[in-house]
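S.K.: I'd like to ask you about the structure that follows.
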4 protein chains.
Amino acid sequence: MIIEIKQSSANMAADLAAKAKAFQIDYLGKTYLITGSNLKEVPDYLDNHTAQHWVFSNDIQLASKKFQVEKREVSFGKVSIGGQTNNTILIGGPCSVESEEQIRSAAQLLTSMGLTTLRGGCYKPRTSPYSFQGLGLEGLELLAKMRQEYGLSVITEARDATHIQEIIEHTDIIQVGAKAMYDQGILRACSKIKKPVLIKRGFGTTLQEFVQAAEFVLSGGNENVVLCERGIRTFETGTRFTLDLCGVAWLQEHCNLPIVLDPSHAMGYAYGVNPLARACVAMGIDGLLIEAHPNPKVAKSDASQQLNYDEFKTLKDDLQKVAQSIGYQIV
Amino acid sequence: MIIEIKQSSANMAADLAAKAKAFQIDYLGKTYLITGSNLKEVPDYLDNHTAQHWVFSNDIQLASKKFQVEKREVSFGKVSIGGQTNNTILIGGPCSVESEEQIRSAAQLLTSMGLTTLRGGCYKPRTSPYSFQGLGLEGLELLAKMRQEYGLSVITEARDATHIQEIIEHTDIIQVGAKAMYDQGILRACSKIKKPVLIKRGFGTTLQEFVQAAEFVLSGGNENVVLCERGIRTFETGTRFTLDLCGVAWLQEHCNLPIVLDPSHAMGYAYGVNPLARACVAMGIDGLLIEAHPNPKVAKSDASQQLNYDEFKTLKDDLQKVAQSIGYQIV
Amino acid sequence: MIIEIKQSSANMAADLAAKAKAFQIDYLGKTYLITGSNLKEVPDYLDNHTAQHWVFSNDIQLASKKFQVEKREVSFGKVSIGGQTNNTILIGGPCSVESEEQIRSAAQLLTSMGLTTLRGGCYKPRTSPYSFQGLGLEGLELLAKMRQEYGLSVITEARDATHIQEIIEHTDIIQVGAKAMYDQGILRACSKIKKPVLIKRGFGTTLQEFVQAAEFVLSGGNENVVLCERGIRTFETGTRFTLDLCGVAWLQEHCNLPIVLDPSHAMGYAYGVNPLARACVAMGIDGLLIEAHPNPKVAKSDASQQLNYDEFKTLKDDLQKVAQSIGYQIV
Amino acid sequence: MIIEIKQSSANMAADLAAKAKAFQIDYLGKTYLITGSNLKEVPDYLDNHTAQHWVFSNDIQLASKKFQVEKREVSFGKVSIGGQTNNTILIGGPCSVESEEQIRSAAQLLTSMGLTTLRGGCYKPRTSPYSFQGLGLEGLELLAKMRQEYGLSVITEARDATHIQEIIEHTDIIQVGAKAMYDQGILRACSKIKKPVLIKRGFGTTLQEFVQAAEFVLSGGNENVVLCERGIRTFETGTRFTLDLCGVAWLQEHCNLPIVLDPSHAMGYAYGVNPLARACVAMGIDGLLIEAHPNPKVAKSDASQQLNYDEFKTLKDDLQKVAQSIGYQIV
């Protein structure tokens with residue numbers, strides 16, 4: 001249940017929250033208490049302090065359109081997504097930060113194209129200890145350098161809770177990876193800040209669990225959450241994963257969070273990235289994460305699915321046309 | 001292996017096919033023998049009769065772009081899809097033919113919108129014996145009547161081999177349903193005719209098996225095959241199925257058959273049909289199957305996912321814009 | 001709803017069934033009408049003719065323990081399974097009938113081991129037209145010959161409705177294959193006979209759909225139905241399918257039909273058949289289908305998963321010990 | 001590649017490992033270097049120092065039977081599993097530690113049954129922030145108290161890297177939960193100790209990824225790793241997950257690690273725990289995790305799947321018979 005506390009009772013909110021074992025947040029100038037959805041009636045001791053309340057059938061609450069029907073607007077530095085913006089942000093960059101030369105070339109590419117947000121993995125969630133694990137802090141510092149030199153926003157992925165503070169310090173947007181999205185160490189750390197948090201759906205994760213991961217961040221007081229669908233694991237092995245656009249339609253119907261899609265990881269093959277990205281944009285989504293590498297063949301991870309820079313430029317042009325056909329623009 | 005027989009040996013093709021235990025087909029004025037892909041070298045006795053040959057790593061052969069890189073063109077009566085047409089056909093109509101009044105209203109709707117192909121189920125592949133099973137032959141006759149009165153092409157689904165001849169007689173395009181796509185009784189009957197055959201992917205079917213179902217029809221001599229993705233079964237239950245657009249990208253890359261998509265069945269909820277259909281069109285596909293009903297709430301099957309007629313008209317307008325943005329048109 | 005008609009009204013049952021659009025069956029000396037589960041109250045015009053009735057939340061009705069809590073007993077010729085028998089029948093034989101010599105060797109093996117039921121495929125539901133498709137009628141006649149010479153019961157699989165009558169004529173138990181289990185042509189033909197019908201679960205089929213396939217046969221008047229779990233399709237590719245023993249526990253809890261398991265197809269590799277078969281037997285199931293071939297390496301289908309005859313004999317010994325530990329016996 | 005370093009070169013191992021960018025471990029009195037499986041030939045500079053080496057087709061290396069065919073033996077305090085022991089350990093206890101009274105009752109139950117290892121969750125990996133999250137450190141201290149008073153080994157689950165040191169300090173066996181098994185913060189911490197680590201398979205995790213998680217621990221120097229299958233997520237919703245016993249057969253064939261199964265979480269319903277546990281034991285596995293609660297109806301988590309104490313005692317008796325039928329014993 002979400003309970004909006006009367007203005008006149010706001011100074012008692014902390015005590016009331018403790019009594020109700022509820023989360024307390026301030027959002028758009030109002031104070032709310034949030035409990036589990038199993039609570040269906042406002043407790044007597046809150047009656048006089050309650051302005052209005054919302055009852056839910058499951059634990060999708062703050063993210064639900066039943067609580068707030070308008071899509072939230074989240075700022076990614078120079079541009080915002082969601083809300084009334086009709087922006088679809090195109091976030092590009094390599095799977096992994098490999099060297100200054102490599103990440104600089106990506107930064108230059110984005111800048112030359114008028115794009116604003118650079119991605120690059122520093123802590124790679126590889127499934128084998130014998131694979132390249134990312135540059136770690138060195139990579140973070142390279143990203144921060146690009147931010148400073150090129151005025152880009154940077155986003156990178158947290159693999160586990162041991163380095164979440166480093167990531168929060170060095171980046172503009174924190175990505176919670178698909179394999180880490182149940183990680184409460186990460187989620188709770190992200191709930192205490194105000195930087196945007198992009199949560200990737202686990203490949204074995206239901207839509208409900210996915211949105212509930214966002215509730216960990218929202219209920220802790222950070223309202224800047226973006227959901228990212230990146231493919232689920234199915235029986236089909238011709239492609240790496242299965243991008244769940246039915247799920248995106250479901251999220252658009254039920255949730256108030258902006259939605260970013262990652263067709264690169266879903267497909268696993270560069271040939272499918274352009275048509276899939278067009279499909280995503282046609283749905284009216286808020287952003288795309290696309291892997292691009294100066295020379296995909298020698299990439300240290302995800303070689304098969306990264307676009308080269310010419311393909312990436314073509315992609316933007318193609319997407320812009322589709323976006324405009326539905327009243328959006330690629331930014 | 002596919003072997004193109006020299007013109008000079010064409011009169012011996014039947015004997016050669018028997019010796020090689022191969023399928024023999026005539027396609028675009030040439031004669032081909034087709035064997036399993038385990039055959040990797042042309043047998044000695046065929047050497048002098050072979051114009052050229054193709055070796056395959058699996059049993060996707062006639063449908064493979066390695067055999068013919070150009071997408072096949074298939075005629076649906078007044079319009080063609082595939083080939084160089086850049087047409088995306090919008091096939092509409094109710095889940096089930098329920099009455100003359102109902103199917104006539106659908107025929108009138110399509111005609112008024114300039115569309116050409118009417119769908120409607122007569123033999124419903126319900127999973128319970130206690131559900132509405134379709135009108136059977138009576139439904140087929142209603143469809144045939146609409147064809148005659150309105151000049152529409154009609155398509156309906158074969159549920160099993162017991163009524164395939166009736167369907168072949170009464171319709172223009174034969175739909176092999178998702179639950180029937182392994183049915184060799186149906187596939188072999190369809191291979192002996194020239195009418196277009198639309199094969200739906202089973203919800204538990206791999207892409208390779210899916211295309212191999214088409215090979216049953218192609219190797220029997222019917223080159224007019226269209227593939228239809230309609231959602232696969234995954235762990236996600238928020239939507240009815242999961243539309244596999246990664247799989248569509250794979251099909252576009254590897255196969256020469258036109259591709260039609262069915263977002264209605266994949267989604268299971270009307271609210272998602274429009275955004276998903278836009279996504280499909282943006283990929284450059286050859287057609288869409290969309291369920292529309294004059295009053296979805298009282299539909300005898302699939303009530304939740306059918307559009308009403310206003311929604312269907314809006315859909316066409318929305319799709320046309322997306323189609324044009326990539327150089328296609330809705331027909 | 002299932003309605004038991006009073007003895008005194010039995011002569012009116014056909015008329016009442018027509019009025020209620022219900023299936024009518026005779027079972028264990030009583031007459032029942034069966035409608036869809038959406039009917040929750042006995043119609044007025046049946047009130048005086050109703051001895052008792054059962055309401056259901058879904059279309060699992062005749063197969064439900066809510067209708068009959070005791071497991072049904074089904075006779076496989078010399079032995080019965082289900083009911084109070086505590087028998088686990090071990091059905092063996094090759095994937096495909098390939099020759100008289102091969103199937104005779106299997107018949108001799110079974111006979112020497114005291115087993116009673118021989119399996120062998122004649123119409124193989126291959127996914128490629130270029131693979132071995134089975135011997136068809138010739139195979140059926142070989143099976144019938146073995147039955148006559150060795151006194152064995154024989155079971156083979158129907159691939160589609162075009163040959164179901166041949167199979168009914170030549171075999172003792174009709175197997176509805178995993179790819180054919182939605183085939184109403186087959187299911188309705190099987191509902192009109194009294195021979196046992198073994199329905200395999202489709203690899204993309206839910207438990208509810210699986211049992212509803214049995215309802216097609218049961219509601220048509222054939223009470224001799226056996227369910228066979230043979231593995232579902234999941235994201236895991238290390239094995240061919242995933243044997244769903246949680247699903248078996250669910251079936252044991254909710255259904256009154258005997259349950260046979262097919263670990264050979266689920267696993268896809270001979271090395272796993274023995275441990276998986278032991279697992280199945282320990283659950284207290286009613287039978288096992290095990291593929292065995294005189295020389296698996298040269299088998300025309302499913303070469304990797306068939307046991308050789310020594311492995312099959314060892315298997316029976318191993319299973320007998322496990323069966324006895326839970327009060328069952330292998331027959 | 002795994003390279004066994006000659007005894008005479010052991011003092012140079014650290015330098016060689018650095019040069020080869022390899023992990024170095026000591027195992028059973030010998031020194032090994034481990035690199036990624038992409039290395040197929042011993043580098044020249046290692047030639048003179050190499051006693052023997054193993055090449056692998058994927059990154060399952062130290063856990064592979066190709067490296068060591070004998071199953072590893074792992075000690076759980078008073079009892080060992082794996083190796084030649086033929087022990088199947090029955091680990092019991094509640095889903096969550098809820099109170100001293102509750103966990104004491106479980107400790108007393110186990111002790112009275114001659115069992116040795118107590119489970120109980122302290123950091124629950126709940127998917128909603130609004131659910132009971134476990135007692136945390138207070139729960140760990142209660143477990144440690146039970147260990148001291150009753151001489152039991154205790155096992156609990158790490159949810160994320162923020163509390164892994166607390167768990168290592170307070171328990172005998174560290175459980176890496178299904179949602180945390182990609183967590184390198186946890187895995188690397190576990191690789192630096194010698195306590196046994198039980199890794200649960202993620203519900204969307206392939207067998208190969210699962211074993212590679214174990215390689216993180218093994219390659220760091222902790223050889224005491226146990227794998228735990230607990231059900232994967234499939235399209236079937238009649239049960240909570242699908243216990244993958246085909247996968248267990250695969251693990252038994254390919255890996256040298258002991259295997260523990262968790263049928264409680266897989267099934268999700270108490271009624272299926274006994275038959276599934278019998279199935280597991282019949283395969284010759286090394287242990288079972290079973291949830292038992294003094295009063296399952298009031299449990300704070302997983303209420304539907306926990307056995308009461310009488311059911312748990314019956315379970316042990318039933319399992320002992322099955323275990324003995326295959327030459328094992330429940331300990």
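Letters A, B, ... mark the chains of the structure tokens in the order given; residue numbers begin at 1 per chain; ligand numbers begin at 1, in order shown.
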I'd like the superposed chain C, fitted onto chain A by least squares over all Cα atoms in order, as a short mmCIF file (atom, residue, chain, number, x, y, z; two decimals) with C-alpha atoms, in the first residue's frame.

M.R.:
data_model
loop_
_atom_site.label_atom_id
_atom_site.label_comp_id
_atom_site.auth_asym_id
_atom_site.auth_seq_id
_atom_site.Cartn_x
_atom_site.Cartn_y
_atom_site.Cartn_z
CA MET C 1 -0.02 0.02 -0.02
CA ILE C 2 1.11 3.55 -0.71
CA ILE C 3 -0.12 6.19 1.71
CA GLU C 4 0.23 9.89 0.98
CA ILE C 5 0.76 11.66 4.29
CA LYS C 6 -1.08 14.91 4.83
CA GLN C 7 1.10 18.03 4.66
CA SER C 8 0.08 18.80 8.23
CA SER C 9 1.42 15.43 9.42
CA ALA C 10 4.65 15.49 7.44
CA ASN C 11 6.73 16.19 10.52
CA MET C 12 5.44 12.96 12.05
CA ALA C 13 6.15 10.86 8.99
CA ALA C 14 9.28 9.19 10.36
CA ASP C 15 7.48 8.03 13.47
CA LEU C 16 4.50 6.82 11.51
CA ALA C 17 6.76 4.96 9.09
CA ALA C 18 8.50 3.22 11.98
CA LYS C 19 5.19 2.20 13.48
CA ALA C 20 3.92 0.86 10.17
CA LYS C 21 7.29 -0.72 9.30
CA ALA C 22 6.98 1.25 6.08
CA PHE C 23 9.43 2.89 3.72
CA GLN C 24 9.18 6.68 3.73
CA ILE C 25 9.97 8.75 0.66
CA ASP C 26 9.55 12.31 -0.52
CA TYR C 27 8.44 12.55 -4.11
CA LEU C 28 7.40 15.61 -6.05
CA GLY C 29 6.93 17.61 -2.87
CA LYS C 30 4.80 15.08 -1.06
CA THR C 31 5.54 12.46 1.59
CA TYR C 32 4.59 8.81 1.16
CA LEU C 33 4.74 5.67 3.24
CA ILE C 34 5.02 2.35 1.39
CA THR C 35 4.25 -1.08 2.85
CA GLY C 36 3.85 -4.50 1.27
CA SER C 37 0.85 -5.06 -0.95
CA ASN C 38 -0.61 -7.52 1.53
CA LEU C 39 -1.80 -4.51 3.53
CA LYS C 40 -5.22 -3.72 2.08
CA GLU C 41 -6.67 -1.22 4.57
CA VAL C 42 -5.20 1.91 6.13
CA PRO C 43 -4.40 1.16 9.79
CA ASP C 44 -6.45 3.10 12.30
CA TYR C 45 -3.50 5.04 13.65
CA LEU C 46 -2.79 6.43 10.17
CA ASP C 47 -6.35 7.43 9.36
CA ASN C 48 -6.01 11.03 10.44
CA HIS C 49 -2.70 11.48 8.70
CA THR C 50 -3.64 10.05 5.32
CA ALA C 51 -4.38 12.32 2.38
CA GLN C 52 -5.00 9.45 -0.03
CA HIS C 53 -3.91 5.87 -0.48
CA TRP C 54 -3.47 3.21 -3.13
CA VAL C 55 -4.05 -0.52 -2.75
CA PHE C 56 -2.19 -3.00 -4.98
CA SER C 57 -2.64 -6.62 -5.93
CA ASN C 58 1.11 -7.21 -6.01
CA ASP C 59 4.34 -5.48 -5.00
CA ILE C 60 4.58 -3.29 -8.10
CA GLN C 61 3.57 -0.09 -6.38
CA LEU C 62 5.66 3.06 -6.88
CA ALA C 63 6.43 1.95 -10.43
CA SER C 64 2.78 1.27 -11.19
CA LYS C 65 0.56 3.36 -13.42
CA LYS C 66 -2.08 2.85 -10.78
CA PHE C 67 -0.02 5.10 -8.52
CA GLN C 68 1.15 7.57 -11.18
CA VAL C 69 -0.18 7.24 -14.68
CA GLU C 70 2.31 9.66 -16.30
CA LYS C 71 5.62 8.21 -17.37
CA ARG C 72 8.45 9.49 -15.20
CA GLU C 73 11.01 11.84 -16.73
CA VAL C 74 14.65 11.02 -16.03
CA SER C 75 17.57 13.29 -16.88
CA PHE C 76 20.67 11.78 -18.49
CA GLY C 77 22.71 15.00 -18.26
CA LYS C 78 22.17 17.03 -21.42
CA VAL C 79 19.01 15.23 -22.39
CA SER C 80 15.98 13.86 -20.62
CA ILE C 81 13.93 10.82 -21.48
CA GLY C 82 10.44 9.79 -20.54
CA GLY C 83 7.78 12.23 -19.41
CA GLN C 84 6.47 14.24 -22.34
CA THR C 85 9.81 14.38 -24.15
CA ASN C 86 9.22 11.84 -26.92
CA ASN C 87 12.99 11.33 -26.87
CA THR C 88 14.61 8.03 -27.69
CA ILE C 89 18.19 8.27 -26.50
CA LEU C 90 20.80 6.36 -28.48
CA ILE C 91 23.53 5.27 -26.09
CA GLY C 92 26.59 3.89 -27.84
CA GLY C 93 30.03 2.57 -27.10
CA PRO C 94 31.98 -0.63 -26.82
CA CYS C 95 31.07 -3.68 -24.79
CA SER C 96 34.26 -3.26 -22.73
CA VAL C 97 36.56 -0.33 -22.19
CA GLU C 98 39.80 -1.77 -23.54
CA SER C 99 42.17 1.18 -23.87
CA GLU C 100 42.23 4.98 -23.91
CA GLU C 101 42.57 4.98 -27.67
CA GLN C 102 39.57 2.73 -28.11
CA ILE C 103 37.23 4.55 -25.74
CA ARG C 104 38.35 7.92 -27.07
CA SER C 105 37.43 6.87 -30.59
CA ALA C 106 33.96 5.99 -29.32
CA ALA C 107 33.68 9.33 -27.53
CA GLN C 108 34.66 11.15 -30.71
CA LEU C 109 32.19 9.17 -32.75
CA LEU C 110 29.30 10.00 -30.43
CA THR C 111 30.25 13.66 -30.25
CA SER C 112 30.47 13.92 -34.03
CA MET C 113 27.00 12.44 -34.31
CA GLY C 114 25.47 14.79 -31.76
CA LEU C 115 24.91 12.01 -29.24
CA THR C 116 25.41 12.54 -25.55
CA THR C 117 25.85 9.30 -23.62
CA LEU C 118 28.76 6.86 -23.73
CA ARG C 119 28.61 3.26 -22.54
CA GLY C 120 31.53 0.93 -21.81
CA GLY C 121 31.99 -2.01 -19.46
CA CYS C 122 34.69 -1.92 -16.78
CA TYR C 123 33.62 -4.80 -14.54
CA LYS C 124 32.52 -7.51 -16.92
CA PRO C 125 30.18 -10.12 -15.47
CA ARG C 126 31.83 -12.95 -17.38
CA THR C 127 30.69 -16.46 -16.65
CA SER C 128 34.23 -17.87 -16.75
CA PRO C 129 37.12 -16.83 -14.51
CA TYR C 130 39.43 -17.43 -17.45
CA SER C 131 37.88 -14.72 -19.70
CA PHE C 132 38.77 -11.01 -19.86
CA GLN C 133 37.23 -9.45 -16.76
CA GLY C 134 37.42 -5.75 -17.70
CA LEU C 135 39.83 -3.00 -16.71
CA GLY C 136 38.07 -2.24 -13.42
CA LEU C 137 38.96 1.08 -11.83
CA GLU C 138 41.33 1.92 -14.68
CA GLY C 139 38.40 1.67 -17.04
CA LEU C 140 36.24 3.86 -14.82
CA GLU C 141 38.91 6.54 -14.85
CA LEU C 142 39.07 6.41 -18.64
CA LEU C 143 35.32 6.88 -18.81
CA ALA C 144 35.51 9.81 -16.40
CA LYS C 145 38.24 11.33 -18.56
CA MET C 146 36.03 11.09 -21.64
CA ARG C 147 33.20 12.72 -19.73
CA GLN C 148 35.43 15.62 -18.82
CA GLU C 149 37.00 16.07 -22.24
CA TYR C 150 33.92 15.56 -24.40
CA GLY C 151 31.10 16.59 -22.12
CA LEU C 152 29.46 13.19 -22.45
CA SER C 153 27.41 11.40 -19.84
CA VAL C 154 28.87 7.99 -19.08
CA ILE C 155 27.21 4.77 -18.01
CA THR C 156 28.81 1.54 -16.86
CA GLU C 157 27.69 -1.66 -15.22
CA ALA C 158 28.00 -2.80 -11.61
CA ARG C 159 28.86 -6.49 -11.42
CA ASP C 160 28.63 -6.92 -7.66
CA ALA C 161 28.47 -4.89 -4.49
CA THR C 162 32.22 -4.73 -3.90
CA HIS C 163 32.76 -1.90 -6.37
CA ILE C 164 29.40 -0.14 -6.42
CA GLN C 165 30.74 2.94 -4.64
CA GLU C 166 33.50 3.36 -7.22
CA ILE C 167 30.96 3.23 -9.98
CA ILE C 168 28.68 5.72 -8.28
CA GLU C 169 31.58 8.11 -7.96
CA HIS C 170 32.89 7.87 -11.50
CA THR C 171 29.78 7.66 -13.67
CA ASP C 172 26.61 9.61 -14.40
CA ILE C 173 24.25 6.69 -14.79
CA ILE C 174 24.62 3.42 -12.91
CA GLN C 175 23.78 0.28 -14.83
CA VAL C 176 22.71 -2.74 -12.80
CA GLY C 177 23.62 -5.70 -14.96
CA ALA C 178 21.29 -8.53 -15.90
CA LYS C 179 23.22 -10.98 -13.72
CA ALA C 180 23.28 -8.53 -10.80
CA MET C 181 19.71 -7.27 -10.78
CA TYR C 182 18.71 -9.26 -7.69
CA ASP C 183 21.79 -7.91 -5.87
CA GLN C 184 20.42 -6.02 -2.89
CA GLY C 185 23.90 -4.71 -2.08
CA ILE C 186 23.83 -2.84 -5.36
CA LEU C 187 20.14 -1.94 -5.34
CA ARG C 188 20.19 -0.54 -1.82
CA ALA C 189 23.33 1.51 -2.56
CA CYS C 190 21.59 2.92 -5.64
CA SER C 191 18.51 3.78 -3.62
CA LYS C 192 20.52 6.21 -1.48
CA ILE C 193 21.66 8.42 -4.35
CA LYS C 194 19.88 10.54 -6.92
CA LYS C 195 21.83 9.55 -10.02
CA PRO C 196 19.79 7.65 -12.60
CA VAL C 197 19.86 3.89 -12.28
CA LEU C 198 19.31 1.69 -15.32
CA ILE C 199 18.28 -1.81 -14.27
CA LYS C 200 18.67 -4.58 -16.79
CA ARG C 201 16.23 -7.46 -16.71
CA GLY C 202 17.80 -10.79 -15.83
CA PHE C 203 17.52 -13.29 -18.65
CA GLY C 204 15.56 -15.61 -16.36
CA THR C 205 13.54 -12.86 -14.68
CA THR C 206 9.80 -12.36 -14.89
CA LEU C 207 8.41 -8.95 -15.65
CA GLN C 208 7.04 -8.72 -12.13
CA GLU C 209 10.37 -9.52 -10.50
CA PHE C 210 12.02 -7.04 -12.86
CA VAL C 211 9.82 -4.17 -11.79
CA GLN C 212 10.12 -5.23 -8.15
CA ALA C 213 13.88 -4.76 -8.45
CA ALA C 214 13.09 -1.15 -9.34
CA GLU C 215 10.95 -0.95 -6.22
CA PHE C 216 14.08 -1.58 -4.13
CA VAL C 217 15.56 1.63 -5.53
CA LEU C 218 12.34 3.65 -5.59
CA SER C 219 11.31 2.75 -2.05
CA GLY C 220 14.74 3.82 -0.80
CA GLY C 221 14.21 7.31 -2.14
CA ASN C 222 15.77 7.41 -5.60
CA GLU C 223 13.03 8.11 -8.12
CA ASN C 224 15.34 8.08 -11.16
CA VAL C 225 14.99 4.52 -12.35
CA VAL C 226 14.99 3.27 -15.92
CA LEU C 227 14.16 -0.29 -16.99
CA CYS C 228 16.18 -2.06 -19.65
CA GLU C 229 14.98 -5.17 -21.48
CA ARG C 230 17.91 -7.04 -23.05
CA GLY C 231 16.58 -10.45 -23.99
CA ILE C 232 15.43 -13.48 -22.07
CA ARG C 233 16.69 -17.02 -22.26
CA THR C 234 14.44 -19.38 -24.19
CA PHE C 235 14.78 -22.70 -25.96
CA GLU C 236 15.81 -20.95 -29.18
CA THR C 237 19.56 -21.09 -29.79
CA GLY C 238 19.76 -19.56 -33.28
CA THR C 239 20.07 -16.21 -31.56
CA ARG C 240 21.80 -15.42 -28.28
CA PHE C 241 18.66 -14.46 -26.36
CA THR C 242 15.06 -13.55 -27.24
CA LEU C 243 14.22 -9.85 -27.04
CA ASP C 244 10.88 -9.69 -25.24
CA LEU C 245 8.91 -6.95 -26.97
CA CYS C 246 5.62 -8.40 -25.70
CA GLY C 247 7.12 -7.70 -22.30
CA VAL C 248 7.90 -4.15 -23.37
CA ALA C 249 4.26 -3.65 -24.34
CA TRP C 250 3.33 -5.00 -20.91
CA LEU C 251 5.71 -2.57 -19.18
CA GLN C 252 4.37 0.35 -21.20
CA GLU C 253 0.86 -0.56 -20.12
CA HIS C 254 1.52 -1.17 -16.44
CA CYS C 255 4.55 0.89 -15.35
CA ASN C 256 5.50 4.52 -15.16
CA LEU C 257 9.24 4.05 -15.68
CA PRO C 258 11.12 4.92 -18.89
CA ILE C 259 12.18 1.90 -20.93
CA VAL C 260 15.50 1.40 -22.69
CA LEU C 261 16.21 -1.60 -24.90
CA ASP C 262 19.42 -3.45 -25.67
CA PRO C 263 19.02 -5.33 -28.95
CA SER C 264 22.76 -6.02 -29.24
CA HIS C 265 22.88 -8.45 -26.34
CA ALA C 266 19.53 -9.97 -27.19
CA MET C 267 20.48 -10.80 -30.76
CA GLY C 268 24.14 -11.63 -30.30
CA TYR C 269 24.85 -11.01 -33.99
CA ALA C 270 25.55 -7.65 -35.61
CA TYR C 271 23.37 -8.44 -38.63
CA GLY C 272 20.22 -8.32 -36.52
CA VAL C 273 20.90 -5.15 -34.57
CA ASN C 274 19.62 -2.67 -37.14
CA PRO C 275 16.24 -4.34 -37.84
CA LEU C 276 15.67 -5.05 -34.16
CA ALA C 277 16.57 -1.52 -33.15
CA ARG C 278 14.09 -0.20 -35.70
CA ALA C 279 11.46 -2.49 -34.17
CA CYS C 280 12.22 -1.14 -30.70
CA VAL C 281 12.03 2.50 -31.79
CA ALA C 282 8.70 1.95 -33.54
CA MET C 283 7.20 0.99 -30.18
CA GLY C 284 7.85 4.45 -28.75
CA ILE C 285 10.56 3.54 -26.27
CA ASP C 286 12.83 5.88 -24.38
CA GLY C 287 16.27 4.68 -25.31
CA LEU C 288 18.56 2.13 -26.89
CA LEU C 289 21.87 0.69 -25.75
CA ILE C 290 23.93 -0.26 -28.80
CA GLU C 291 27.37 -1.80 -28.76
CA ALA C 292 29.82 -0.28 -31.25
CA HIS C 293 33.52 -0.93 -31.57
CA PRO C 294 36.17 0.52 -33.88
CA ASN C 295 37.08 -2.99 -34.99
CA PRO C 296 34.59 -5.58 -33.71
CA LYS C 297 36.66 -8.54 -34.87
CA VAL C 298 39.36 -7.87 -32.28
CA ALA C 299 37.00 -6.90 -29.43
CA LYS C 300 37.86 -8.53 -26.13
CA SER C 301 34.22 -9.40 -25.45
CA ASP C 302 31.01 -9.75 -27.48
CA ALA C 303 32.90 -9.58 -30.77
CA SER C 304 30.05 -10.97 -32.86
CA GLN C 305 27.42 -8.47 -31.88
CA GLN C 306 29.17 -5.10 -31.94
CA LEU C 307 28.57 -2.74 -34.87
CA ASN C 308 31.46 -0.98 -36.54
CA TYR C 309 31.30 2.80 -36.70
CA ASP C 310 29.87 3.02 -40.20
CA GLU C 311 27.11 0.61 -39.25
CA PHE C 312 26.44 2.68 -36.15
CA LYS C 313 26.08 5.89 -38.16
CA THR C 314 23.75 4.19 -40.62
CA LEU C 315 21.76 2.89 -37.70
CA LYS C 316 21.16 6.37 -36.34
CA ASP C 317 19.89 7.59 -39.69
CA ASP C 318 17.58 4.60 -40.06
CA LEU C 319 16.25 4.98 -36.54
CA GLN C 320 15.62 8.69 -36.93
CA LYS C 321 13.20 8.02 -39.78
CA VAL C 322 11.28 5.42 -37.83
CA ALA C 323 11.21 7.60 -34.72
CA GLN C 324 9.79 10.52 -36.65
CA SER C 325 7.08 8.33 -38.15
CA ILE C 326 5.63 7.90 -34.67
CA GLY C 327 6.34 11.41 -33.39
CA TYR C 328 9.61 10.68 -31.58
CA GLN C 329 13.19 11.79 -32.18
CA ILE C 330 16.54 10.09 -31.66
CA VAL C 331 18.75 12.10 -29.30
#

S.K.: Please give the complete set of residues from range 39-209 of chain C that DSSP, run on the backbone, assigns to helix (DSSP H, G or I), formatted as an MDAnalysis selection string.

M.R.: chainID C and resid 44:49 100:112 137:150 161:170 178:180 184:191 207:209

S.K.: I need the strand (DSSP E) residues of range 11-202 of chain A per DSSP on the backbone, written as JSON, numbers by chain.

M.R.: {"A": [23, 24, 25, 26, 27, 30, 31, 32, 33, 34, 50, 51, 52, 53, 54, 73, 74, 75, 76, 79, 80, 81, 82, 87, 88, 89, 90, 91, 92, 93, 117, 118, 119, 153, 154, 155, 156, 157, 158, 173, 174, 175, 176, 197, 198, 199, 200]}
